[in-house]
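**Q** My structure is below; once you've seen it, I'll send some questions.
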4 protein chains.
Amino acid sequence: MAITDIDRAAAEQLAAHCGIPNVARSSEEILADRTIEAVLICSSTNTHADLIVRAAQAGKHIFCEKPVDFDLAKVDSALAAVNNAGVKLQIGFNRRFDADFARARQSVTSGEIGKPHLLHIISRDPAPPPLSYIKVSGGIFLDMTIHDFDMARFLIGDEVEEVYTAATVLVDPEIGKLGDLDTSIITLRFRKGVIGTIDNSRKAAYGYDQRVEILGSDGAVATANCYPNQTVISTGSAIRRDLPFRFFMDRYTESFTNELRAFVQAVLEDRAAPVTGIDGRAALRLGLAARKSYDEHRPVQVQEIG
Amino acid sequence: MAITDIDRAAAEQLAAHCGIPNVARSSEEILADRTIEAVLICSSTNTHADLIVRAAQAGKHIFCEKPVDFDLAKVDSALAAVNNAGVKLQIGFNRRFDADFARARQSVTSGEIGKPHLLHIISRDPAPPPLSYIKVSGGIFLDMTIHDFDMARFLIGDEVEEVYTAATVLVDPEIGKLGDLDTSIITLRFRKGVIGTIDNSRKAAYGYDQRVEILGSDGAVATANCYPNQTVISTGSAIRRDLPFRFFMDRYTESFTNELRAFVQAVLEDRAAPVTGIDGRAALRLGLAARKSYDEHRPVQVQEIG
Amino acid sequence: MAITDIDRAAAEQLAAHCGIPNVARSSEEILADRTIEAVLICSSTNTHADLIVRAAQAGKHIFCEKPVDFDLAKVDSALAAVNNAGVKLQIGFNRRFDADFARARQSVTSGEIGKPHLLHIISRDPAPPPLSYIKVSGGIFLDMTIHDFDMARFLIGDEVEEVYTAATVLVDPEIGKLGDLDTSIITLRFRKGVIGTIDNSRKAAYGYDQRVEILGSDGAVATANCYPNQTVISTGSAIRRDLPFRFFMDRYTESFTNELRAFVQAVLEDRAAPVTGIDGRAALRLGLAARKSYDEHRPVQVQEIG
Amino acid sequence: MAITDIDRAAAEQLAAHCGIPNVARSSEEILADRTIEAVLICSSTNTHADLIVRAAQAGKHIFCEKPVDFDLAKVDSALAAVNNAGVKLQIGFNRRFDADFARARQSVTSGEIGKPHLLHIISRDPAPPPLSYIKVSGGIFLDMTIHDFDMARFLIGDEVEEVYTAATVLVDPEIGKLGDLDTSIITLRFRKGVIGTIDNSRKAAYGYDQRVEILGSDGAVATANCYPNQTVISTGSAIRRDLPFRFFMDRYTESFTNELRAFVQAVLEDRAAPVTGIDGRAALRLGLAARKSYDEHRPVQVQEIG
């Protein structure tokens, strides 16, 4: 674990509490350590590209949180460094490792539902993040939808070639004042003809709403939200259950474990990482296209970007 | 429609409102009418057996509401009259014609779940009837459970040979003062080995609770309650839906129509009635055995009855 | 019931079978009958506008199946005739009378889910109609989506001001050869800011898929498909239930009854019809806008139409 | 970790693989180690009572897998040793720590469903264990139902005073030849009047079936089975989902973690263990009473036992 000087005391306390044996004073210290084969980059987005380049040059395999960067040129430099070094790079699109989304993907690859025709992704946060976060988030499409763009590519197994964005500010006008949006539906058109939508909202009063549906030529698959319990209470006023998991740490716990296990396996068994820099780049491009579509109020070809 | 003098005016008004063209002044008038092939007996229980005998003697096919009578000897006389006259008798166990229970039965006859092993019937009213009704109801086992006894025989396709009753008064002590019970679990043992339970309560705050479950050697079948709509509301406090149908008129509407259609078809096509006097007698016997088990606090062989 | 000469014999047979006492030889005969207050127009679409005009001139209240016509000018003439005659006109948007969609609407009007933000309508047929029908259908947007346009307006209680259509042919290339589409997602933008989608497919292998979802500021509402039974079968290979209702006659039986009851009540009690010619016109306009958006590959303002 | 000499090599390999730093050669070695505060007894049932006594005498806090023993006198000796030593004893009734059952219990303690009236516990294994295991299992009531007896006491918060057992052999006749049963329904009567059932089968083709339902004066609570995913597949033949978790290691993973965390907390914070030797004794007594009821074919008062 590498820490910056500023919060070193706090980090050392935390590390001690969690039983983390070694705490480095800087990323340099880690990159210089020849006994370390692989690194996880979980710092703020603006540091990702540079850390990837340096880690690749140090010969480390790399797991990096999404997004790689908001700038396509910087992403390309980072991916080039990874390529040149011949190291593995896995991007933190953890949702691919979620049991439900993996099952939905399986229903496509197995032919269980035939050829996919229509896709819907619902991805809503329980409440907007602080405005201070919104400011540096890169905007809803790069911060939030980026996961859904990856999910769309993953589920259908095809590239999106056109996007159309209908978006607005309905949750909090302050978000609008920052130039961002909080409610949107993005229409996707894939190369092989599938049409889909991504529905995003910064506020779902009932909790974290994360679902996908695919209609295929022979059937359909639909995931449901995940709940802390499966218990139903029936009273004189309603048949009800408790709210679904409130946010991503609870909803996606297992997928976070699974993605790191997959990364470690890829390194140990010298196999390709299951989610690569190419995937990170593709999702970013879709995010940029979605914003362009909103700004220019027209469908945008993804090849117009980058 | 035959009416008694006492409520003749009211009945004639009702008949006019509903577009019923002919109203008879007495059951005699109906039974004497040679153009009438079949009659429906929906009067109070104490009049059933006598009306069956007279209708049979008049050569009418008969549909009679359950139970035939609370007394086994009177039931036997009525069935004998039916037999002698060679007319059809269908008993009003409408639940056999419910889409869900019919589907559960089908899962047994089709072999879909293998050979049945365990059965559960849940049958709960939303609220107890008036005490005045309880008094003349014949008690919970003959009034309420009688439907479930028929359902048990119908679903498994076998006779119950032993019952054990655990029952009590938890809903309303006034019911206990009348010598009746309001909460019970009856264990059934069928001839071919299936074990089952019937769960009855006079009060389910959330509405009419009518479900069955069967475990078989190769699987299980379970029905769910029926709702006026399939809509789910998600708010900051719960994921909920509206209550199920409140009582039998709403829950079983379709089955009432279906049972009469089946009776008419049996008459028109001269086929056996789908639910016969034998079924009515068997359910009554189980009700009497259940009460005996409660009174004597021991498992009772059904052959001890009648 | 009015019949054309060509199928008179067949119609008379049918009428006799169903117990319909009077069969007219022509619509003229009906319109000339002073004892008839109201008429139902259920003929082919190309005859609707003319029949409405003639019925209005004859002073009859009118129930007319959707759509009124494919041509906005003809619709306007028909509505003018209705206005001049002071008769009621109800359009056959039966889905407003479906228990689930009515409940979804109620969740908006009651404030239960707060102010609406996002809407999704899924409306898929089990299988495409014959090509001969497709040819005269007016195209998917006027034949199939027209119901969903009405549903969108009904659920949100606001007018759509912009549509964007992403559509294609994935079900049957023959449909494409006729110039029609079989798979589409239309994005709707309402005046007050709500964004929504309508998902249509001519083929859902599992049956008739008819659902809506609304996200509001304080919660969400979602309807589910309707099934002939609520029974779940569990075996060694899956937990499963039977398919939902196969098509509209089964799925919407109750709503068809309800819409006619509402029409009759409106006539008897001299109240406004619950779905008017204005609603028919608005849905048509949206259908025309959706096609224009597809043809011109851009978002279309509804005011560009008519 | 203590190991017997016989499988020492294997155990040491396993321990090394799992990163277990210390492996003791015998339980004596552990009990003699003054730095060890608490021990987990997970050996075969016949060794539990003796190990509890020795651990208590060594002053260790004890977590012991259920059942303590099949013999009430040996249990009493063990509990006496624990009492004398003043150490804590927690019994491995892990299901109390399952999120669903805990939620069901909460619905009772919170008053959410009013006062409990009726209880149903469904507890079915996916397939019978090997006959070699059946032989030493203590029989279905002490091996399998013992968990459900504890669950019944936990959910209702009251003691069972009478049981009635209806049981048979339907899954595998070989189980019957060993004098055991594989299919049973036990009726429970609690002191304060609640009536309940425990449904057990050694074979549910669809997987591990673990559910509870409670009807209370103001409502009901019901848990559902747990699934590896929440994904629904719709095809031309069925609407279906994958099977629930196959067996206890998957179904109850979280509860095993939770029970050990609770034990550790009880030790660290010097609080009462959440499931005690008293609970272990009570469940054993119910198992013995259930068998007696089966053998004597009559309801048995629990006070007849021990």
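For the structure tokens, the naming scheme is as follows: chains receive sequential letters (A, B, ...) according to their order of presentation, residues are indexed from 1 within each chain, and ligands are indexed from 1 in presentation order.
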Within range 5-117 of chain D, find each residue whose DSSP state, derived from the backbone, is alpha helix (DSSP H), and express the selection as a ChimeraX atom specification.
**A** /D:8-18,27-32,45-57,72-85,99-109
**Q** Pairing the C-alpha atoms in order across the whole chain, superpose chain D onto chain B by least squares and write the result as a tab-separated table (two decimals) with C-alpha atoms, in the first residue's frame.
**A**
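File produced: part.tsv:
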chain	number	residue	atom	x	y	z
D	1	MET	CA	-85.07	-19.02	-9.05
D	2	ALA	CA	-87.24	-20.16	-6.19
D	3	ILE	CA	-87.97	-17.88	-3.29
D	4	THR	CA	-89.65	-18.25	0.05
D	5	ASP	CA	-92.73	-16.12	0.67
D	6	ILE	CA	-91.04	-14.15	3.37
D	7	ASP	CA	-88.56	-12.34	1.14
D	8	ARG	CA	-90.56	-12.60	-2.06
D	9	ALA	CA	-90.88	-8.93	-2.73
D	10	ALA	CA	-87.17	-8.34	-2.28
D	11	ALA	CA	-86.29	-11.35	-4.38
D	12	GLU	CA	-88.59	-10.29	-7.19
D	13	GLN	CA	-87.04	-6.87	-7.22
D	14	LEU	CA	-83.58	-8.39	-7.34
D	15	ALA	CA	-84.57	-10.79	-10.10
D	16	ALA	CA	-86.00	-7.95	-12.15
D	17	HIS	CA	-82.84	-5.92	-11.67
D	18	CYS	CA	-80.66	-8.81	-12.78
D	19	GLY	CA	-82.85	-9.66	-15.73
D	20	ILE	CA	-83.89	-13.05	-14.34
D	21	PRO	CA	-87.02	-13.74	-16.37
D	22	ASN	CA	-88.80	-16.27	-14.17
D	23	VAL	CA	-89.12	-16.32	-10.40
D	24	ALA	CA	-90.81	-19.30	-8.79
D	25	ARG	CA	-92.75	-18.95	-5.58
D	26	SER	CA	-91.46	-22.20	-4.16
D	27	SER	CA	-89.10	-25.06	-4.85
D	28	GLU	CA	-92.16	-27.21	-5.53
D	29	GLU	CA	-93.02	-25.03	-8.46
D	30	ILE	CA	-89.54	-25.59	-9.92
D	31	LEU	CA	-89.47	-29.30	-9.28
D	32	ALA	CA	-92.88	-29.66	-10.88
D	33	ASP	CA	-91.79	-27.88	-14.05
D	34	ARG	CA	-91.03	-30.59	-16.61
D	35	THR	CA	-89.09	-28.18	-18.83
D	36	ILE	CA	-86.46	-27.80	-16.12
D	37	GLU	CA	-83.70	-30.41	-16.37
D	38	ALA	CA	-81.39	-29.35	-13.60
D	39	VAL	CA	-81.43	-27.34	-10.38
D	40	LEU	CA	-78.87	-25.48	-8.30
D	41	ILE	CA	-79.30	-25.78	-4.52
D	42	CYS	CA	-77.70	-22.77	-2.85
D	43	SER	CA	-79.90	-22.49	0.24
D	44	SER	CA	-78.76	-22.87	3.85
D	45	THR	CA	-77.00	-26.13	4.73
D	46	ASN	CA	-79.84	-27.57	6.82
D	47	THR	CA	-82.11	-27.62	3.76
D	48	HIS	CA	-79.65	-29.30	1.36
D	49	ALA	CA	-80.29	-32.99	2.06
D	50	ASP	CA	-84.05	-32.69	1.86
D	51	LEU	CA	-83.93	-30.62	-1.32
D	52	ILE	CA	-81.55	-33.12	-2.91
D	53	VAL	CA	-83.94	-35.98	-2.16
D	54	ARG	CA	-86.93	-34.12	-3.58
D	55	ALA	CA	-85.06	-32.89	-6.63
D	56	ALA	CA	-83.75	-36.39	-7.32
D	57	GLN	CA	-87.26	-37.80	-7.00
D	58	ALA	CA	-88.41	-35.16	-9.48
D	59	GLY	CA	-85.71	-36.39	-11.89
D	60	LYS	CA	-83.67	-33.22	-11.88
D	61	HIS	CA	-79.90	-33.15	-12.16
D	62	ILE	CA	-78.53	-31.39	-9.11
D	63	PHE	CA	-75.78	-28.95	-8.29
D	64	CYS	CA	-75.61	-28.48	-4.51
D	65	GLU	CA	-73.44	-26.13	-2.47
D	66	LYS	CA	-71.10	-27.71	0.09
D	67	PRO	CA	-71.54	-29.20	2.63
D	68	VAL	CA	-74.38	-31.58	1.80
D	69	ASP	CA	-75.18	-31.84	5.51
D	70	PHE	CA	-73.38	-32.04	8.86
D	71	ASP	CA	-74.86	-35.48	9.47
D	72	LEU	CA	-73.41	-38.47	7.67
D	73	ALA	CA	-76.70	-40.45	7.78
D	74	LYS	CA	-78.61	-37.63	6.13
D	75	VAL	CA	-75.92	-37.38	3.47
D	76	ASP	CA	-76.20	-41.09	2.83
D	77	SER	CA	-79.97	-40.82	2.40
D	78	ALA	CA	-79.55	-37.98	-0.05
D	79	LEU	CA	-76.91	-39.85	-2.06
D	80	ALA	CA	-79.14	-42.95	-2.10
D	81	ALA	CA	-82.01	-40.89	-3.52
D	82	VAL	CA	-79.68	-39.53	-6.20
D	83	ASN	CA	-78.49	-43.02	-7.05
D	84	ASN	CA	-82.00	-44.40	-7.23
D	85	ALA	CA	-83.13	-41.61	-9.48
D	86	GLY	CA	-80.11	-41.96	-11.73
D	87	VAL	CA	-79.59	-38.20	-11.79
D	88	LYS	CA	-76.30	-36.38	-11.58
D	89	LEU	CA	-75.21	-34.65	-8.39
D	90	GLN	CA	-72.36	-32.16	-8.37
D	91	ILE	CA	-71.10	-30.68	-5.10
D	92	GLY	CA	-69.89	-27.06	-5.01
D	93	PHE	CA	-66.19	-27.63	-4.40
D	94	ASN	CA	-65.36	-24.76	-6.71
D	95	ARG	CA	-61.67	-24.66	-5.88
D	96	ARG	CA	-60.99	-27.67	-8.06
D	97	PHE	CA	-61.79	-25.34	-10.96
D	98	ASP	CA	-59.32	-22.66	-9.90
D	99	ALA	CA	-56.51	-22.23	-12.44
D	100	ASP	CA	-53.76	-22.52	-9.83
D	101	PHE	CA	-55.04	-25.56	-8.00
D	102	ALA	CA	-55.86	-27.23	-11.30
D	103	ARG	CA	-52.27	-26.57	-12.40
D	104	ALA	CA	-50.95	-28.04	-9.14
D	105	ARG	CA	-53.05	-31.12	-9.71
D	106	GLN	CA	-51.78	-31.35	-13.26
D	107	SER	CA	-48.18	-31.32	-12.01
D	108	VAL	CA	-49.02	-34.51	-10.11
D	109	THR	CA	-50.97	-36.32	-12.82
D	110	SER	CA	-48.43	-35.42	-15.52
D	111	GLY	CA	-45.55	-36.79	-13.48
D	112	GLU	CA	-43.85	-33.40	-13.68
D	113	ILE	CA	-42.88	-33.50	-9.99
D	114	GLY	CA	-42.73	-37.28	-9.63
D	115	LYS	CA	-44.67	-39.12	-6.95
D	116	PRO	CA	-46.08	-36.84	-4.24
D	117	HIS	CA	-44.49	-37.04	-0.77
D	118	LEU	CA	-45.57	-33.99	1.20
D	119	LEU	CA	-48.54	-31.63	0.92
D	120	HIS	CA	-49.30	-28.27	2.52
D	121	ILE	CA	-52.54	-26.38	2.23
D	122	ILE	CA	-52.76	-22.87	3.63
D	123	SER	CA	-56.32	-21.59	3.86
D	124	ARG	CA	-56.95	-18.49	5.90
D	125	ASP	CA	-59.85	-16.10	5.95
D	126	PRO	CA	-59.20	-12.36	6.15
D	127	ALA	CA	-61.40	-12.03	9.25
D	128	PRO	CA	-63.78	-14.23	11.23
D	129	PRO	CA	-67.46	-14.28	10.22
D	130	PRO	CA	-70.05	-12.85	12.65
D	131	LEU	CA	-70.58	-14.96	15.77
D	132	SER	CA	-74.18	-15.53	14.65
D	133	TYR	CA	-72.77	-17.32	11.62
D	134	ILE	CA	-70.19	-19.25	13.64
D	135	LYS	CA	-73.06	-20.66	15.75
D	136	VAL	CA	-74.75	-22.36	12.80
D	137	SER	CA	-71.62	-23.01	10.74
D	138	GLY	CA	-71.05	-26.56	11.93
D	139	GLY	CA	-67.67	-25.49	13.30
D	140	ILE	CA	-64.47	-24.53	11.52
D	141	PHE	CA	-63.76	-28.06	10.23
D	142	LEU	CA	-67.12	-28.46	8.49
D	143	ASP	CA	-67.46	-24.86	7.43
D	144	MET	CA	-63.98	-23.84	6.37
D	145	THR	CA	-61.66	-26.85	6.32
D	146	ILE	CA	-64.16	-28.88	4.32
D	147	HIS	CA	-62.92	-27.11	1.18
D	148	ASP	CA	-59.35	-27.99	2.12
D	149	PHE	CA	-60.19	-31.64	2.76
D	150	ASP	CA	-61.60	-31.80	-0.72
D	151	MET	CA	-58.56	-30.00	-2.10
D	152	ALA	CA	-56.25	-32.50	-0.34
D	153	ARG	CA	-58.06	-35.49	-1.88
D	154	PHE	CA	-58.18	-33.77	-5.27
D	155	LEU	CA	-54.51	-32.76	-5.36
D	156	ILE	CA	-53.07	-36.08	-4.23
D	157	GLY	CA	-55.68	-38.29	-5.86
D	158	ASP	CA	-55.83	-40.55	-2.83
D	159	GLU	CA	-57.92	-41.03	0.32
D	160	VAL	CA	-56.85	-39.75	3.72
D	161	GLU	CA	-56.79	-42.53	6.27
D	162	GLU	CA	-55.68	-40.71	9.42
D	163	VAL	CA	-55.92	-37.17	10.75
D	164	TYR	CA	-54.39	-35.42	13.73
D	165	THR	CA	-55.67	-32.03	14.81
D	166	ALA	CA	-53.80	-29.36	16.73
D	167	ALA	CA	-56.20	-26.47	17.17
D	168	THR	CA	-56.81	-23.53	19.43
D	169	VAL	CA	-58.46	-20.16	19.85
D	170	LEU	CA	-56.11	-17.24	19.18
D	171	VAL	CA	-58.16	-14.89	17.03
D	172	ASP	CA	-61.26	-14.24	19.12
D	173	PRO	CA	-62.09	-15.75	22.55
D	174	GLU	CA	-65.80	-15.42	21.74
D	175	ILE	CA	-65.35	-18.09	19.11
D	176	GLY	CA	-63.99	-20.36	21.82
D	177	LYS	CA	-66.96	-19.66	24.06
D	178	LEU	CA	-69.18	-21.03	21.31
D	179	GLY	CA	-67.17	-24.25	21.41
D	180	ASP	CA	-65.50	-23.57	18.09
D	181	LEU	CA	-61.85	-23.01	17.14
D	182	ASP	CA	-60.20	-20.36	14.98
D	183	THR	CA	-56.63	-21.54	14.44
D	184	SER	CA	-55.63	-25.06	13.50
D	185	ILE	CA	-53.18	-27.36	11.83
D	186	ILE	CA	-54.46	-30.76	10.76
D	187	THR	CA	-51.99	-33.44	9.79
D	188	LEU	CA	-53.20	-35.83	7.09
D	189	ARG	CA	-51.88	-39.26	6.27
D	190	PHE	CA	-52.92	-40.67	2.90
D	191	ARG	CA	-53.28	-44.37	2.07
D	192	LYS	CA	-50.28	-44.44	-0.24
D	193	GLY	CA	-48.04	-42.72	2.29
D	194	VAL	CA	-48.21	-39.01	1.48
D	195	ILE	CA	-48.21	-36.80	4.58
D	196	GLY	CA	-49.76	-33.37	4.55
D	197	THR	CA	-51.04	-30.47	6.58
D	198	ILE	CA	-53.95	-28.08	6.40
D	199	ASP	CA	-53.30	-24.71	8.03
D	200	ASN	CA	-56.43	-22.73	8.85
D	201	SER	CA	-56.90	-19.39	10.50
D	202	ARG	CA	-59.98	-17.24	10.74
D	203	LYS	CA	-57.81	-14.14	10.42
D	204	ALA	CA	-55.04	-13.18	8.04
D	205	ALA	CA	-54.67	-9.41	8.32
D	206	TYR	CA	-53.38	-9.12	4.73
D	207	GLY	CA	-56.38	-10.83	3.11
D	208	TYR	CA	-57.52	-14.15	1.81
D	209	ASP	CA	-54.57	-16.55	1.93
D	210	GLN	CA	-55.10	-19.59	-0.27
D	211	ARG	CA	-52.05	-21.58	-1.26
D	212	VAL	CA	-50.95	-25.15	-1.78
D	213	GLU	CA	-47.54	-26.78	-2.04
D	214	ILE	CA	-46.64	-30.35	-2.96
D	215	LEU	CA	-43.21	-31.92	-2.73
D	216	GLY	CA	-42.74	-34.86	-5.05
D	217	SER	CA	-39.93	-37.28	-5.72
D	218	ASP	CA	-38.75	-35.20	-8.70
D	219	GLY	CA	-39.70	-31.68	-7.72
D	220	ALA	CA	-42.28	-29.45	-6.16
D	221	VAL	CA	-45.23	-27.28	-7.09
D	222	ALA	CA	-46.40	-24.20	-5.24
D	223	THR	CA	-49.23	-21.80	-5.94
D	224	ALA	CA	-49.25	-18.16	-4.88
D	225	ASN	CA	-52.00	-15.83	-3.78
D	226	CYS	CA	-53.95	-13.89	-6.40
D	227	TYR	CA	-53.84	-10.12	-6.64
D	228	PRO	CA	-56.03	-7.47	-8.21
D	229	ASN	CA	-52.90	-6.12	-9.89
D	230	GLN	CA	-49.27	-7.14	-10.49
D	231	THR	CA	-47.86	-3.69	-9.81
D	232	VAL	CA	-44.88	-3.10	-7.53
D	233	ILE	CA	-44.28	0.25	-5.85
D	234	SER	CA	-40.78	1.11	-4.65
D	235	THR	CA	-40.30	3.99	-2.27
D	236	GLY	CA	-37.76	5.09	0.28
D	237	SER	CA	-39.33	2.80	2.87
D	238	ALA	CA	-40.21	-0.45	1.11
D	239	ILE	CA	-40.71	-2.42	-2.06
D	240	ARG	CA	-44.38	-3.27	-1.91
D	241	ARG	CA	-47.53	-4.31	-3.67
D	242	ASP	CA	-51.20	-3.99	-2.92
D	243	LEU	CA	-52.96	-6.66	-0.88
D	244	PRO	CA	-54.20	-9.88	-2.49
D	245	PHE	CA	-57.88	-10.37	-3.19
D	246	ARG	CA	-59.79	-9.81	0.01
D	247	PHE	CA	-62.17	-12.76	-0.05
D	248	PHE	CA	-63.60	-15.67	-1.93
D	249	MET	CA	-65.96	-13.82	-4.25
D	250	ASP	CA	-63.00	-12.00	-5.82
D	251	ARG	CA	-60.40	-14.70	-5.43
D	252	TYR	CA	-62.49	-17.52	-6.85
D	253	THR	CA	-64.72	-15.70	-9.36
D	254	GLU	CA	-63.42	-17.68	-12.28
D	255	SER	CA	-63.69	-21.02	-10.50
D	256	PHE	CA	-67.37	-20.42	-9.72
D	257	THR	CA	-68.02	-19.82	-13.40
D	258	ASN	CA	-65.98	-22.85	-14.36
D	259	GLU	CA	-67.72	-25.23	-11.97
D	260	LEU	CA	-71.15	-24.28	-13.30
D	261	ARG	CA	-69.95	-24.60	-16.87
D	262	ALA	CA	-68.65	-28.08	-16.00
D	263	PHE	CA	-71.98	-29.01	-14.43
D	264	VAL	CA	-73.93	-27.82	-17.46
D	265	GLN	CA	-71.59	-29.72	-19.77
D	266	ALA	CA	-71.93	-32.89	-17.70
D	267	VAL	CA	-75.72	-32.61	-18.01
D	268	LEU	CA	-75.75	-31.70	-21.71
D	269	GLU	CA	-73.23	-34.36	-22.70
D	270	ASP	CA	-74.48	-36.91	-20.21
D	271	ARG	CA	-71.10	-37.37	-18.57
D	272	ALA	CA	-70.24	-37.94	-14.92
D	273	ALA	CA	-70.22	-34.81	-12.79
D	274	PRO	CA	-66.60	-33.81	-12.04
D	275	VAL	CA	-67.23	-33.56	-8.27
D	276	THR	CA	-69.77	-35.98	-6.91
D	277	GLY	CA	-71.73	-36.80	-3.78
D	278	ILE	CA	-68.97	-39.26	-2.89
D	279	ASP	CA	-66.58	-36.34	-2.70
D	280	GLY	CA	-69.00	-34.40	-0.54
D	281	ARG	CA	-69.34	-37.37	1.82
D	282	ALA	CA	-65.56	-37.94	2.03
D	283	ALA	CA	-64.84	-34.34	2.95
D	284	LEU	CA	-67.54	-34.39	5.63
D	285	ARG	CA	-66.05	-37.53	7.13
D	286	LEU	CA	-62.63	-35.88	7.33
D	287	GLY	CA	-64.19	-32.89	9.06
D	288	LEU	CA	-65.84	-35.15	11.62
D	289	ALA	CA	-62.58	-37.06	12.13
D	290	ALA	CA	-60.65	-33.81	12.61
D	291	ARG	CA	-63.03	-32.72	15.34
D	292	LYS	CA	-62.84	-36.13	17.01
D	293	SER	CA	-59.04	-35.92	16.95
D	294	TYR	CA	-59.19	-32.53	18.61
D	295	ASP	CA	-61.71	-33.71	21.22
D	296	GLU	CA	-59.78	-36.87	22.07
D	297	HIS	CA	-56.30	-35.40	21.58
D	298	ARG	CA	-55.03	-38.30	19.49
D	299	PRO	CA	-54.63	-39.31	15.86
D	300	VAL	CA	-57.93	-40.64	14.50
D	301	GLN	CA	-58.42	-43.25	11.77
D	302	VAL	CA	-60.95	-41.98	9.27
D	303	GLN	CA	-62.61	-45.40	9.26
D	304	GLU	CA	-63.63	-44.74	12.86
D	305	ILE	CA	-66.13	-42.27	11.36
D	306	GLY	CA	-69.41	-43.40	9.80
**Q** Looking only at the backbone, which of the residues in range 64-197 of chain B does DSSP tag as strand (DSSP E or B), as a PyMOL selection string?
**A** chain B and resi 64+89-91+116-124+160-168+183-190+195-197
